[in-house]
>>> print(open('query-v3.pdb').read())   # PDB, C-alpha atoms and all ligand atoms
ATOM      1  CA  MET A 179      -0.461 -23.194  -3.309
ATOM      2  CA  SER A 180      -1.226 -25.983  -0.850
ATOM      3  CA  SER A 181      -4.710 -25.620   0.608
ATOM      4  CA  GLN A 182      -3.745 -26.809   4.090
ATOM      5  CA  ARG A 183      -1.229 -24.035   4.392
ATOM      6  CA  GLU A 184      -3.646 -21.494   2.972
ATOM      7  CA  ASP A 185      -6.258 -22.384   5.586
ATOM      8  CA  ASP A 186      -3.759 -21.747   8.351
ATOM      9  CA  LEU A 187      -2.629 -18.412   7.030
ATOM     10  CA  ILE A 188      -5.539 -16.696   5.369
ATOM     11  CA  HIS A 189      -9.268 -16.168   5.642
ATOM     12  CA  THR A 190     -11.903 -14.406   3.616
ATOM     13  CA  PHE A 191     -13.949 -11.462   4.803
ATOM     14  CA  ASN A 192     -16.431  -9.567   2.584
ATOM     15  CA  GLY A 193     -15.106 -11.616  -0.331
ATOM     16  CA  ILE A 194     -11.562 -10.300   0.237
ATOM     17  CA  THR A 195      -8.580 -12.379   1.372
ATOM     18  CA  PHE A 196      -6.896 -11.338   4.627
ATOM     19  CA  THR A 197      -4.079 -12.967   6.564
ATOM     20  CA  MET A 198      -4.764 -14.293  10.051
ATOM     21  CA  ARG A 199      -2.946 -11.199  11.296
ATOM     22  CA  SER A 200      -6.176  -9.323  10.593
ATOM     23  CA  SER A 201      -8.593 -11.107  12.884
ATOM     24  CA  PRO A 202     -12.172 -11.606  11.676
ATOM     25  CA  GLU A 203     -13.397 -10.008  14.948
ATOM     26  CA  LEU A 204     -11.389  -6.867  14.273
ATOM     27  CA  LEU A 205     -12.615  -6.685  10.681
ATOM     28  CA  LYS A 206     -16.208  -7.072  11.896
ATOM     29  CA  SER A 207     -15.811  -4.271  14.401
ATOM     30  CA  LEU A 208     -13.993  -1.763  12.179
ATOM     31  CA  ASN A 209     -17.078   0.313  11.668
ATOM     32  CA  THR A 210     -17.245   1.110  15.389
ATOM     33  CA  PHE A 211     -13.945   2.964  15.102
ATOM     34  CA  ASP A 212     -14.090   6.574  16.128
ATOM     35  CA  ALA A 213     -11.941   8.608  13.751
ATOM     36  CA  ARG A 214     -10.758  12.084  14.754
ATOM     37  CA  GLU A 215     -10.804  15.137  12.497
ATOM     38  CA  ASP A 216      -7.018  15.365  12.478
ATOM     39  CA  ASP A 217      -6.347  11.709  11.588
ATOM     40  CA  VAL A 218      -4.499  11.202   8.327
ATOM     41  CA  LEU A 219      -5.063   7.985   6.393
ATOM     42  CA  LEU A 220      -2.242   6.507   4.362
ATOM     43  CA  VAL A 221      -3.990   4.268   1.860
ATOM     44  CA  SER A 222      -2.516   1.748  -0.553
ATOM     45  CA  TYR A 223      -2.823  -1.611  -2.171
ATOM     46  CA  PRO A 224       0.159  -3.675  -0.906
ATOM     47  CA  LYS A 225       3.512  -3.069  -2.598
ATOM     48  CA  SER A 226       2.643   0.404  -3.868
ATOM     49  CA  GLY A 227       5.296   2.303  -1.899
ATOM     50  CA  THR A 228       3.497   2.642   1.445
ATOM     51  CA  HIS A 229       6.690   2.567   3.514
ATOM     52  CA  TRP A 230       8.316   5.170   1.314
ATOM     53  CA  LEU A 231       5.408   7.561   1.729
ATOM     54  CA  ALA A 232       5.181   6.835   5.476
ATOM     55  CA  GLU A 233       8.855   7.770   5.835
ATOM     56  CA  ILE A 234       8.269  11.058   4.013
ATOM     57  CA  ILE A 235       5.220  11.923   6.112
ATOM     58  CA  MET A 236       7.050  11.217   9.363
ATOM     59  CA  HIS A 237       9.936  13.478   8.315
ATOM     60  CA  LEU A 238       7.483  16.201   7.307
ATOM     61  CA  TYR A 239       5.999  16.104  10.801
ATOM     62  CA  ALA A 240       9.483  15.789  12.356
ATOM     63  CA  SER A 241       8.215  12.564  13.997
ATOM     64  CA  LYS A 242       5.836  14.557  16.255
ATOM     65  CA  VAL A 243       2.897  12.350  15.283
ATOM     66  CA  ALA A 244       2.135   8.664  15.791
ATOM     67  CA  LEU A 245       2.506   6.395  12.793
ATOM     68  CA  THR A 246       0.292   3.479  13.784
ATOM     69  CA  SER A 247       0.284  -0.027  12.385
ATOM     70  CA  PRO A 248      -2.468  -0.593   9.799
ATOM     71  CA  ILE A 249      -5.981  -0.281  11.190
ATOM     72  CA  GLU A 250      -6.860  -3.790   9.971
ATOM     73  CA  PHE A 251      -3.805  -5.395  11.562
ATOM     74  CA  GLY A 252      -4.308  -7.193  14.883
ATOM     75  CA  ASP A 253      -7.149  -8.444  17.027
ATOM     76  CA  LEU A 254     -10.167  -6.871  18.677
ATOM     77  CA  SER A 255      -8.007  -4.831  21.055
ATOM     78  CA  LYS A 256      -6.645  -2.830  18.120
ATOM     79  CA  LEU A 257      -9.293  -0.124  18.108
ATOM     80  CA  ASP A 258      -8.777   0.544  21.839
ATOM     81  CA  GLN A 259      -5.038   0.765  21.298
ATOM     82  CA  LEU A 260      -5.569   3.389  18.633
ATOM     83  CA  ASN A 261      -7.998   5.268  20.873
ATOM     84  CA  CYS A 262      -5.384   5.450  23.607
ATOM     85  CA  LEU A 263      -3.042   7.498  21.432
ATOM     86  CA  SER A 264      -3.448  11.118  22.417
ATOM     87  CA  CYS A 265      -1.343  12.651  19.643
ATOM     88  CA  LYS A 266      -2.176  13.082  15.966
ATOM     89  CA  ARG A 267      -2.438   9.721  14.227
ATOM     90  CA  ILE A 268      -1.170   8.717  10.797
ATOM     91  CA  ILE A 269      -3.120   5.537  10.097
ATOM     92  CA  PRO A 270      -2.054   3.229   7.259
ATOM     93  CA  THR A 271      -4.509   0.877   5.621
ATOM     94  CA  HIS A 272      -4.774  -1.561   2.721
ATOM     95  CA  LEU A 273      -8.558  -1.762   3.167
ATOM     96  CA  ASP A 274     -10.832  -1.605   0.163
ATOM     97  CA  GLY A 275     -12.617   1.768   0.092
ATOM     98  CA  ASN A 276     -15.951   0.087   0.860
ATOM     99  CA  MET A 277     -14.615  -1.306   4.139
ATOM    100  CA  LEU A 278     -13.336   1.968   5.541
ATOM    101  CA  PRO A 279     -14.923   2.903   8.896
ATOM    102  CA  THR A 280     -17.527   5.514   8.045
ATOM    103  CA  THR A 281     -16.336   8.060  10.612
ATOM    104  CA  PHE A 282     -13.267   8.773   8.472
ATOM    105  CA  THR A 283     -15.607  10.074   5.786
ATOM    106  CA  LEU A 284     -18.004  11.795   8.184
ATOM    107  CA  LYS A 285     -15.157  13.659   9.861
ATOM    108  CA  GLN A 286     -13.587  14.504   6.502
ATOM    109  CA  CYS A 287     -10.210  13.124   7.518
ATOM    110  CA  LYS A 288      -7.375  13.672   5.086
ATOM    111  CA  ALA A 289      -6.344  10.614   3.095
ATOM    112  CA  ILE A 290      -3.340  10.076   0.846
ATOM    113  CA  TYR A 291      -3.631   7.215  -1.614
ATOM    114  CA  ILE A 292      -0.449   5.955  -3.248
ATOM    115  CA  ILE A 293      -0.810   4.224  -6.597
ATOM    116  CA  ARG A 294       1.765   2.156  -8.495
ATOM    117  CA  ASN A 295       1.543   0.520 -11.875
ATOM    118  CA  PRO A 296      -0.017  -2.915 -11.357
ATOM    119  CA  LYS A 297       2.554  -4.839 -13.392
ATOM    120  CA  ASP A 298       5.334  -3.824 -10.998
ATOM    121  CA  ILE A 299       2.977  -4.459  -8.080
ATOM    122  CA  ALA A 300       2.309  -8.020  -9.301
ATOM    123  CA  VAL A 301       6.051  -8.695  -9.490
ATOM    124  CA  SER A 302       6.757  -7.100  -6.127
ATOM    125  CA  MET A 303       3.911  -9.062  -4.542
ATOM    126  CA  TYR A 304       5.124 -12.304  -6.111
ATOM    127  CA  HIS A 305       8.513 -11.896  -4.427
ATOM    128  CA  TYR A 306       6.795 -10.866  -1.192
ATOM    129  CA  TYR A 307       4.729 -14.066  -1.237
ATOM    130  CA  ARG A 308       7.901 -16.080  -1.654
ATOM    131  CA  GLU A 309       9.739 -14.410   1.221
ATOM    132  CA  ASN A 310       6.939 -13.747   3.684
ATOM    133  CA  PRO A 311       6.073 -16.623   6.060
ATOM    134  CA  ASN A 312       2.647 -15.098   6.744
ATOM    135  CA  LEU A 313       1.588 -15.679   3.158
ATOM    136  CA  PRO A 314       0.794 -19.017   1.516
ATOM    137  CA  THR A 315       3.464 -20.760  -0.521
ATOM    138  CA  ILE A 316       3.237 -20.126  -4.233
ATOM    139  CA  ASP A 317       4.495 -22.484  -6.860
ATOM    140  CA  SER A 318       5.293 -20.325  -9.866
ATOM    141  CA  TRP A 319       5.164 -16.834 -11.342
ATOM    142  CA  PRO A 320       2.628 -17.775 -14.093
ATOM    143  CA  ASN A 321       0.216 -19.142 -11.467
ATOM    144  CA  PHE A 322       0.699 -16.148  -9.240
ATOM    145  CA  LEU A 323       0.029 -13.734 -12.094
ATOM    146  CA  GLU A 324      -3.187 -15.552 -12.930
ATOM    147  CA  ARG A 325      -4.320 -15.268  -9.336
ATOM    148  CA  PHE A 326      -3.359 -11.598  -9.211
ATOM    149  CA  LEU A 327      -5.493 -10.891 -12.261
ATOM    150  CA  LYS A 328      -8.430 -12.733 -10.702
ATOM    151  CA  GLY A 329      -8.014 -10.853  -7.424
ATOM    152  CA  ASP A 330      -7.320 -14.125  -5.646
ATOM    153  CA  VAL A 331      -4.503 -12.704  -3.504
ATOM    154  CA  VAL A 332      -4.293 -10.964  -0.128
ATOM    155  CA  CYS A 333      -6.190  -7.660  -0.042
ATOM    156  CA  GLY A 334      -8.221  -8.752  -3.052
ATOM    157  CA  SER A 335      -8.205  -7.363  -6.544
ATOM    158  CA  TRP A 336      -5.907  -4.437  -7.348
ATOM    159  CA  PHE A 337      -8.517  -3.306  -9.886
ATOM    160  CA  ASN A 338     -11.329  -3.236  -7.322
ATOM    161  CA  HIS A 339      -9.111  -1.495  -4.797
ATOM    162  CA  ILE A 340      -8.358   1.346  -7.177
ATOM    163  CA  LEU A 341     -11.990   1.632  -8.256
ATOM    164  CA  SER A 342     -13.267   1.647  -4.683
ATOM    165  CA  TRP A 343     -10.970   4.527  -3.736
ATOM    166  CA  GLU A 344     -11.289   6.380  -6.995
ATOM    167  CA  LYS A 345     -14.765   7.468  -5.903
ATOM    168  CA  HIS A 346     -12.945   9.931  -3.638
ATOM    169  CA  ARG A 347     -10.844  11.383  -6.440
ATOM    170  CA  ASP A 348     -12.505  14.775  -6.377
ATOM    171  CA  ASP A 349     -12.717  15.057  -2.581
ATOM    172  CA  LYS A 350     -10.554  17.946  -1.488
ATOM    173  CA  ASN A 351      -9.402  15.969   1.539
ATOM    174  CA  THR A 352      -7.982  13.129  -0.596
ATOM    175  CA  LEU A 353      -4.660  13.241  -2.413
ATOM    176  CA  PHE A 354      -3.701  10.668  -5.045
ATOM    177  CA  LEU A 355       0.010  10.134  -5.637
ATOM    178  CA  TYR A 356       1.844   7.935  -8.112
ATOM    179  CA  TYR A 357       4.918   5.905  -7.159
ATOM    180  CA  GLU A 358       6.408   6.618 -10.590
ATOM    181  CA  ASP A 359       6.078  10.404 -10.061
ATOM    182  CA  MET A 360       7.987   9.980  -6.824
ATOM    183  CA  LYS A 361      10.735   8.167  -8.709
ATOM    184  CA  ARG A 362      10.768  10.881 -11.385
ATOM    185  CA  ASP A 363      10.659  14.012  -9.240
ATOM    186  CA  LEU A 364      10.588  13.337  -5.514
ATOM    187  CA  PRO A 365      11.000  16.967  -4.333
ATOM    188  CA  LYS A 366       7.895  17.960  -6.320
ATOM    189  CA  VAL A 367       5.833  15.196  -4.693
ATOM    190  CA  VAL A 368       7.164  15.920  -1.198
ATOM    191  CA  LYS A 369       6.195  19.594  -1.633
ATOM    192  CA  LYS A 370       2.728  18.521  -2.730
ATOM    193  CA  VAL A 371       2.314  16.328   0.352
ATOM    194  CA  SER A 372       3.603  19.087   2.631
ATOM    195  CA  PHE A 373       1.093  21.549   1.168
ATOM    196  CA  PHE A 374      -1.755  19.038   1.380
ATOM    197  CA  LEU A 375      -1.008  18.409   5.060
ATOM    198  CA  GLY A 376      -0.921  22.140   5.762
ATOM    199  CA  LEU A 377       2.764  22.087   6.645
ATOM    200  CA  ASN A 378       5.161  24.788   5.672
ATOM    201  CA  THR A 379       8.348  22.913   4.855
ATOM    202  CA  SER A 380      11.352  24.921   3.652
ATOM    203  CA  GLU A 381      13.187  24.132   0.406
ATOM    204  CA  SER A 382      16.161  22.850   2.379
ATOM    205  CA  GLY A 383      13.821  20.759   4.536
ATOM    206  CA  ILE A 384      12.362  19.196   1.389
ATOM    207  CA  GLY A 385      15.882  18.404   0.136
ATOM    208  CA  GLU A 386      16.810  16.747   3.426
ATOM    209  CA  ILE A 387      13.645  14.639   3.433
ATOM    210  CA  CYS A 388      14.329  13.456  -0.121
ATOM    211  CA  LYS A 389      17.812  12.324   0.911
ATOM    212  CA  LYS A 390      16.599  10.527   4.015
ATOM    213  CA  SER A 391      13.854   8.717   2.139
ATOM    214  CA  SER A 392      15.939   7.456  -0.781
ATOM    215  CA  PHE A 393      15.702   3.720  -1.417
ATOM    216  CA  SER A 394      19.353   3.112  -0.506
ATOM    217  CA  GLU A 395      19.106   5.106   2.730
ATOM    218  CA  MET A 396      15.909   3.365   3.842
ATOM    219  CA  LYS A 397      17.199  -0.070   2.924
ATOM    220  CA  SER A 398      20.517   0.346   4.702
ATOM    221  CA  ASN A 399      18.867   1.828   7.815
ATOM    222  CA  THR A 400      16.602  -1.183   7.960
ATOM    223  CA  GLU A 401      19.492  -3.579   7.630
ATOM    224  CA  LYS A 402      21.330  -1.833  10.468
ATOM    225  CA  GLU A 403      18.460  -2.228  12.885
ATOM    226  CA  ASN A 404      17.606  -5.417  14.648
ATOM    227  CA  SER A 405      14.212  -6.158  13.264
ATOM    228  CA  ASP A 406      11.648  -4.284  15.377
ATOM    229  CA  PRO A 407       8.345  -6.195  15.387
ATOM    230  CA  ASN A 408       6.295  -3.018  15.134
ATOM    231  CA  ARG A 409       8.063  -1.310  12.326
ATOM    232  CA  THR A 410       6.003  -2.032   9.222
ATOM    233  CA  VAL A 411       3.008  -0.237   7.837
ATOM    234  CA  CYS A 412       1.916  -3.353   5.957
ATOM    235  CA  ALA A 413      -0.689  -5.612   7.529
ATOM    236  CA  LEU A 414       1.014  -8.649   6.002
ATOM    237  CA  THR A 415       4.274  -8.657   7.942
ATOM    238  CA  SER A 416       6.120  -6.960  10.776
ATOM    239  CA  ASN A 417       9.501  -7.735   9.232
ATOM    240  CA  ARG A 418      10.727  -4.529   7.632
ATOM    241  CA  LYS A 419      13.598  -6.353   5.947
ATOM    242  CA  LEU A 420      11.122  -7.884   3.497
ATOM    243  CA  ILE A 421      10.057  -4.496   2.175
ATOM    244  CA  PHE A 422      13.087  -3.075   0.346
ATOM    245  CA  ARG A 423      13.750  -5.247  -2.695
ATOM    246  CA  LYS A 424      14.584  -3.260  -5.873
ATOM    247  CA  GLY A 425      12.603  -0.040  -5.655
ATOM    248  CA  ALA A 426      12.499   0.280  -9.439
ATOM    249  CA  VAL A 427      10.010   1.140 -12.164
ATOM    250  CA  GLY A 428       9.731  -1.446 -14.937
ATOM    251  CA  ASP A 429      10.981  -4.611 -13.221
ATOM    252  CA  TRP A 430       7.878  -6.291 -14.695
ATOM    253  CA  LYS A 431       9.744  -6.484 -18.004
ATOM    254  CA  ASN A 432      12.093  -9.015 -16.421
ATOM    255  CA  HIS A 433       9.157 -11.274 -15.517
ATOM    256  CA  PHE A 434       6.317 -10.903 -18.056
ATOM    257  CA  THR A 435       6.366 -12.930 -21.253
ATOM    258  CA  PRO A 436       4.711 -11.215 -24.262
ATOM    259  CA  LYS A 437       1.724 -13.547 -23.796
ATOM    260  CA  GLN A 438       1.395 -12.693 -20.127
ATOM    261  CA  ASN A 439       1.595  -9.034 -21.021
ATOM    262  CA  ARG A 440      -1.269  -9.414 -23.512
ATOM    263  CA  MET A 441      -3.342 -11.262 -20.920
ATOM    264  CA  PHE A 442      -2.663  -8.485 -18.435
ATOM    265  CA  GLU A 443      -3.587  -5.754 -20.908
ATOM    266  CA  GLU A 444      -6.824  -7.528 -21.768
ATOM    267  CA  THR A 445      -7.941  -7.776 -18.151
ATOM    268  CA  PHE A 446      -6.787  -4.233 -17.493
ATOM    269  CA  SER A 447      -8.753  -2.712 -20.344
ATOM    270  CA  LYS A 448     -11.896  -4.628 -19.375
ATOM    271  CA  LYS A 449     -11.764  -3.684 -15.704
ATOM    272  CA  MET A 450     -10.404  -0.165 -15.875
ATOM    273  CA  LYS A 451     -12.489   1.270 -18.710
ATOM    274  CA  VAL A 452     -14.198   3.683 -16.352
ATOM    275  CA  SER A 453     -11.091   4.641 -14.392
ATOM    276  CA  GLU A 454      -9.550   8.111 -14.694
ATOM    277  CA  VAL A 455      -6.780   7.226 -12.259
ATOM    278  CA  ALA A 456      -5.686   4.306 -14.447
ATOM    279  CA  LYS A 457      -5.161   6.605 -17.434
ATOM    280  CA  HIS A 458      -2.209   8.216 -15.705
ATOM    281  CA  LEU A 459      -0.331   5.024 -14.867
ATOM    282  CA  VAL A 460       3.250   4.819 -16.045
ATOM    283  CA  TYR A 461       5.038   1.518 -16.734
ATOM    284  CA  GLU A 462       8.553   2.724 -17.461
ATOM    285  CA  LEU A 463      10.620   5.850 -16.941
TER     286      LEU A 463
HETATM  287  P1  LIG A 501       9.847  -3.711  -5.016
HETATM  288  O1  LIG A 501       9.446  -5.028  -4.436
HETATM  289  O2  LIG A 501       9.450  -3.565  -6.456
HETATM  290  O3  LIG A 501      11.297  -3.394  -4.810
HETATM  291  P2  LIG A 501       5.092  -1.185   0.264
HETATM  292  O4  LIG A 501       5.873  -0.255   1.130
HETATM  293  O5  LIG A 501       3.750  -0.645  -0.118
HETATM  294  O6  LIG A 501       5.041  -2.556   0.841
HETATM  295  O7  LIG A 501       5.856  -1.284  -1.132
HETATM  296  C1  LIG A 501       7.081  -1.949  -1.234
HETATM  297  C2  LIG A 501       7.717  -1.579  -2.550
HETATM  298  O8  LIG A 501       8.163  -0.207  -2.488
HETATM  299  C3  LIG A 501       8.955  -2.429  -2.839
HETATM  300  O9  LIG A 501       9.016  -2.563  -4.260
HETATM  301  C4  LIG A 501      10.057  -1.529  -2.280
HETATM  302  O10 LIG A 501      11.336  -1.814  -2.750
HETATM  303  C5  LIG A 501       9.559  -0.159  -2.732
HETATM  304  N1  LIG A 501      10.175   0.932  -1.955
HETATM  305  C6  LIG A 501      10.269   1.045  -0.615
HETATM  306  N2  LIG A 501      10.954   2.153  -0.280
HETATM  307  C7  LIG A 501      11.281   2.764  -1.420
HETATM  308  C8  LIG A 501      12.005   3.964  -1.725
HETATM  309  N3  LIG A 501      12.513   4.721  -0.771
HETATM  310  N4  LIG A 501      12.171   4.292  -3.022
HETATM  311  C9  LIG A 501      11.650   3.512  -4.018
HETATM  312  N5  LIG A 501      10.974   2.361  -3.786
HETATM  313  C10 LIG A 501      10.789   1.997  -2.500
END
>>> encode(input="query-v3.pdb", output="structure tokens")
Amino acid sequence: MSSQREDDLIHTFNGITFTMRSSPELLKSLNTFDAREDDVLLVSYPKSGTHWLAEIIMHLYASKVALTSPIEFGDLSKLDQLNCLSCKRIIPTHLDGNMLPTTFTLKQCKAIYIIRNPKDIAVSMYHYYRENPNLPTIDSWPNFLERFLKGDVVCGSWFNHILSWEKHRDDKNTLFLYYEDMKRDLPKVVKKVSFFLGLNTSESGIGEICKKSSFSEMKSNTEKENSDPNRTVCALTSNRKLIFRKGAVGDWKNHFTPKQNRMFEETFSKKMKVSEVAKHLVYEL
């Protein structure tokens, strides 16, 4: 990665890399944010299936709520913009658990955290870096993987992200979902989300939502639209066309060499020893 380009595109806050689209002033002021009891947080490390889950949530609420852009995306005016919304807010974020404005915890807001196996995330993020003009140029997959394992990528270390949110695993207002479970049995996961949000969605409603949120449906809808600058729930781009690539479990096998896989496993077992969440990760279906 060329350092000149990196300096223009990214900055570090609290030891975590952010793009310039998350201004340092906004990040500094996050803790002044006034959460409301009925806010719902949609939490993820990038490339975990955030848009998929956002689509499902919006269908569950029949679009009668506001899906905002990520709380960390924008400049200082962001918090006022969010405050101006009078309806229920679904607020996405890629923030590390330790950076979450404290009022979300104090007001016991519901949070849904979507997890995906980190090998597929690394591959998805690698392609995202290559396509996304807001991210620094990367020279090769082996170098990117090394940086991913060190946490030297936007939004910091996947390992730390999981661990920082895992503290909330037993909170009754937090729901952890796995991307791979959604691939395996989407109706079951949609029902779980509906129940968690206190919604009473019919069986036929669940079926409809599953159809509307399939990868092919979401990808083709996005290609039909003329790119709307406010349509992503990822703080790293507003171009929705960059989101829908393969939507598969196990694409990592097309990228990892056996040596890279061993290196990954080594780092994983060191970092995730204490993690319960990590025990349930699935790498192929
Ligand atoms: P790939 O790059 O592996 O294809 P996020 O929304 O958090 O940015 O995550 C993007 C990843 O989720 C991409 O992974 C994308 O293809 C996948 N994705 C988006 N919508 C999906 C869907 N409806 N079904 C399955 N995967 C989906």
>>> residues_near_ligand(input="query-v3.pdb", ligand="ligand LIG 501 (chain A)", cutoff="6 Å", atoms="only C-alpha atoms and all ligand atoms", output="ChimeraX atom specification")
/A:224-230,302,391-393,396,421-426
>>> axis_aligned_box(input="query-v3.pdb", around="stretch 338-350 of chain A", padding_each_side="3 Å", output="lines of an AutoDock Vina configuration file")
center_x = -11.6
center_y = 7.4
center_z = -4.9
size_x = 12.4
size_y = 27.2
size_z = 12.8
>>> resolve_selection(input="query-v3.pdb", expression="the PyMOL selection byres (((chain A and resi 346) around 12) and not hetatm)", output="short mmCIF file (atom, residue, chain, number, x, y, z; two decimals) with C-alpha atoms, in the coordinates of the input")
data_model
loop_
_atom_site.label_atom_id
_atom_site.label_comp_id
_atom_site.auth_asym_id
_atom_site.auth_seq_id
_atom_site.Cartn_x
_atom_site.Cartn_y
_atom_site.Cartn_z
CA VAL A 221 -3.99 4.27 1.86
CA GLY A 275 -12.62 1.77 0.09
CA ASN A 276 -15.95 0.09 0.86
CA THR A 283 -15.61 10.07 5.79
CA GLN A 286 -13.59 14.50 6.50
CA CYS A 287 -10.21 13.12 7.52
CA LYS A 288 -7.38 13.67 5.09
CA ALA A 289 -6.34 10.61 3.10
CA ILE A 290 -3.34 10.08 0.85
CA TYR A 291 -3.63 7.22 -1.61
CA ILE A 340 -8.36 1.35 -7.18
CA LEU A 341 -11.99 1.63 -8.26
CA SER A 342 -13.27 1.65 -4.68
CA TRP A 343 -10.97 4.53 -3.74
CA GLU A 344 -11.29 6.38 -7.00
CA LYS A 345 -14.76 7.47 -5.90
CA ARG A 347 -10.84 11.38 -6.44
CA ASP A 348 -12.50 14.78 -6.38
CA ASP A 349 -12.72 15.06 -2.58
CA LYS A 350 -10.55 17.95 -1.49
CA ASN A 351 -9.40 15.97 1.54
CA THR A 352 -7.98 13.13 -0.60
CA LEU A 353 -4.66 13.24 -2.41
CA PHE A 354 -3.70 10.67 -5.04
CA GLU A 454 -9.55 8.11 -14.69
CA VAL A 455 -6.78 7.23 -12.26
#
>>> closest_residue(input="query-v3.pdb", among="A:Lys397, A:Lys297, A:His305, A:Lys328", to="A:Glu443", atoms="all atoms listed in the file")
A:Lys297
>>> atom_distance(input="query-v3.pdb", atom1="atom CA of A:Ile234", atom2="atom CA of A:Lys390")
8.3 Å
>>> atom_distance(input="query-v3.pdb", atom1="atom CA of A:Val371", atom2="atom CA of A:Lys266")
16.6 Å
>>> resolve_selection(input="query-v3.pdb", expression="the PyMOL selection byres (((chain A and resi 304) around 9) and not hetatm)", output="list in words")
Ile299, Ala300, Val301, Ser302, Met303, His305, Tyr306, Tyr307, Arg308, Glu309, Ile316, Ser318, Trp319, Phe322 and Leu323 of chain A
>>> atom_distance(input="query-v3.pdb", atom1="atom CA of A:Arg214", atom2="atom CA of A:Gly376")
16.7 Å
>>> residues_around(input="query-v3.pdb", residues="A:Ser447", least_positions_apart="4", cutoff="12 Å", atoms="only C-alpha atoms", output="number ranges by chain")
A: 327, 337, 440-443, 451-453, 456-457
>>> closest_residue(input="query-v3.pdb", among="A:Asn321, A:Phe446, A:Asp298, A:Lys389", to="A:Lys431", atoms="only C-alpha atoms")
A:Asp298
>>> closest_residue(input="query-v3.pdb", among="A:Glu444, A:Glu233, A:Asp185, A:Glu462", to="A:Leu313", atoms="all atoms listed in the file")
A:Asp185
>>> decode(input="query-v3.pdb", residues="stretch 245-249 of chain A", atoms="all heavy atoms", output="short mmCIF file (atom, residue, chain, number, x, y, z; two decimals), in the first residue's frame")
data_model
loop_
_atom_site.label_atom_id
_atom_site.label_comp_id
_atom_site.auth_asym_id
_atom_site.auth_seq_id
_atom_site.Cartn_x
_atom_site.Cartn_y
_atom_site.Cartn_z
N LEU A 245 -33.86 3.47 8.73
CA LEU A 245 -32.55 2.80 8.73
C LEU A 245 -31.54 3.91 8.45
O LEU A 245 -31.50 4.46 7.36
CB LEU A 245 -32.51 1.74 7.63
CG LEU A 245 -31.17 1.03 7.42
CD1 LEU A 245 -30.74 0.24 8.65
CD2 LEU A 245 -31.24 0.10 6.19
N THR A 246 -30.74 4.24 9.44
CA THR A 246 -29.82 5.37 9.29
C THR A 246 -28.51 4.88 8.65
O THR A 246 -28.29 3.67 8.53
CB THR A 246 -29.49 6.01 10.66
OG1 THR A 246 -28.59 5.15 11.38
CG2 THR A 246 -30.75 6.25 11.48
N SER A 247 -27.66 5.81 8.28
CA SER A 247 -26.31 5.39 7.90
C SER A 247 -25.55 5.10 9.20
O SER A 247 -26.02 5.46 10.29
CB SER A 247 -25.63 6.46 7.05
OG SER A 247 -25.48 7.62 7.80
N PRO A 248 -24.40 4.46 9.13
CA PRO A 248 -23.71 4.09 10.38
C PRO A 248 -23.42 5.32 11.26
O PRO A 248 -23.12 6.39 10.75
CB PRO A 248 -22.41 3.46 9.88
CG PRO A 248 -22.74 2.97 8.52
CD PRO A 248 -23.71 3.96 7.94
N ILE A 249 -23.51 5.11 12.55
CA ILE A 249 -23.34 6.23 13.49
C ILE A 249 -21.97 6.88 13.34
O ILE A 249 -21.81 8.09 13.53
CB ILE A 249 -23.62 5.79 14.94
CG1 ILE A 249 -23.65 7.01 15.86
CG2 ILE A 249 -22.65 4.75 15.44
CD1 ILE A 249 -24.23 6.75 17.23
#
